[in-house]
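For reference, the structure discussed in these notes is given below.
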Amino acid sequence: MAISKQQIFDALSTIKSPVGDSDLVAAGMVSEPFVTEGKDGIKVMFSLTVPADLAEKLEPLREQAQKVVTSIDGVESAMVALTAERKAGSAASPQRPKPASAPGPSGGAPAGKNPDIPGVKHIIAVASGKGGVGKSTTAINLALGLQNQGLKVGVLDADIYGPSLPRLVGLSGKPEADGRTLKPMMAYGLKVMSIGFLVAEDTPMIWRGPMVISALTQLLREVDWAPLDVLVVDMPPGTGDAQLTMAQQVPLAGAVIVSTPQDLSLIDARKGLNMFRKVNVPILGIVENMSTFVCPKCGERSDIFGHGGAQDEARRLGVQFLGGVPLHMDIRVKSDAGTPVVADAPNGPHAQVYNDIAKHVATALATEQPSGPAIVID
């Protein structure tokens, strides 16, 4: 059963605008709806643009809009992002709404940060300055390695535009919901969540930055993660708005930077590392992915992307080198098949590399990280 965008607009026009006498649609607050249809039903996504000075008070409006659209016959679920618009002529940065669970100024949260996720001890980011360096593969195998250390681990796929987690763990289907809280999917003992579970794999996410940030906030704070020792966040590549907002508003215990040995990759990795440093997020270390290639037939070693560049960079920047992961067909094949190498061959040499990296990260998390003032970058 197809759902037209006009049906969505008609439903939302029954909700009064928080400003003026018109409805949400007439007031121009509703973005173009994004509709997908899959085997689990029809999913609708859109954003509501609200005045910045009212943003923190309008979470009930977002919930009402979500409920109205979900009540349309044939709609299985709806994701509504609340975005704030800067007033014309204002030089200040747009204010984004806090999630409903965030306390007010007296709530005791660190300056510039939203409070901890209940039941989650540590949140770490796995990041890279550019795409194509194997960051997502590193993230899932690192999570499995941390689990092998006896920790309870979850993974959040924060790459809205290019989610990889469903394919990496071989999961499909939609997560269950308990009210407004999503239950994470389970794979290899890990709690996992990704926008890829909510939309078809080949569906492009044509969203602007504010809507991406709001969706990320929901996936982080409206998912039943607890109890977890570590939540691994597979960050999108680069140093844009999504990365900066995550670094500023999420209480990150540290970041793991992934790079190939190639000079071009290291340049971008350096940018990512410096971004985290500027917002006072500890650097847990650097991983050199695709570190070397050994021919499976003749045994000859070829440093296709160079070798040791990330280790040299770690030494130069004064951060820990966590380890080098080889360029090997088994890692690629297992990732494509949804059976990460640490889970598929836990006693193999490649799993050992990731387990060693996980040991370094677990040790760093167990060590008190330096703290300082939170730096907010507009």
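Please note that chains go A, B, ... in the order of the structure tokens, that every chain numbers its residues from 1, and that ligands are numbered from 1 in the order shown.
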
Residue neighbourhood A:Phe9, 10 Å, only C-alpha atoms, exclusion window fewer than 3 positions, as a list in words: Ser4, Lys5, Gln6, Leu12, Ser13, Thr14, Leu24, Val25, Ala26, Val30, Ser31, Glu32, Pro33 and Val69 of chain A

Create the file for the chosen residues now, containing C-alpha atoms and written as a PDB file, in the first residue's frame.
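Result written to selection07.pdb:
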```pdb
ATOM      1  CA  SER A   4       1.631   9.690  -0.673  1.00  0.00           C
ATOM      2  CA  LYS A   5       3.440  12.685   0.713  1.00  0.00           C
ATOM      3  CA  GLN A   6       0.153  14.570   0.585  1.00  0.00           C
ATOM      4  CA  LEU A  12       0.396  16.940  10.054  1.00  0.00           C
ATOM      5  CA  SER A  13      -1.871  19.849   9.128  1.00  0.00           C
ATOM      6  CA  THR A  14      -4.132  18.770  12.002  1.00  0.00           C
ATOM      7  CA  LEU A  24       2.598  22.883  11.090  1.00  0.00           C
ATOM      8  CA  VAL A  25       2.408  22.513   7.326  1.00  0.00           C
ATOM      9  CA  ALA A  26       1.039  25.981   6.594  1.00  0.00           C
ATOM     10  CA  VAL A  30       7.643  20.369   7.918  1.00  0.00           C
ATOM     11  CA  SER A  31      10.470  19.186   5.671  1.00  0.00           C
ATOM     12  CA  GLU A  32       9.943  17.040   2.581  1.00  0.00           C
ATOM     13  CA  PRO A  33       8.961  13.602   3.927  1.00  0.00           C
ATOM     14  CA  VAL A  69       2.006  10.040  11.062  1.00  0.00           C
TER      15      VAL A  69
END
```

Tell me, which residues of stretch 143-236 of chain A carry DSSP strand (DSSP E or B), written as number ranges by chain? A: 153-157, 177-178, 181-182, 185-187, 190-194, 223, 228-234

Could you check the closest approach to A:Ile160 for each of A:Leu146, A:Ala314, A:Leu182, A:Ala242 and tell me which residue wins, using only C-alpha atoms? A:Ala242

Excluding same-chain residues fewer than 3 positions from stretch 163-180 of chain A, what lies within 10 Å of it counting only C-alpha atoms, as a PyMOL selection string? chain A and resi 38-41+63+66+77+136-137+139-141+155-160+183-188+190+192-201+205+218+222-224+234-236+334-340+343

For A:Phe276: contacts at 8 Å, only C-alpha atoms, fewer than 6 positions along chain excluded, given as a VMD selection string: chain A and resid 247 255 282 to 283

Stretch 129-366 of chain A: which residues are alpha helix (DSSP H) by DSSP, as a PyMOL selection string? chain A and resi 135-147+165-169+209-221+241-249+263-278+309-317+329-336+341-344+349-366
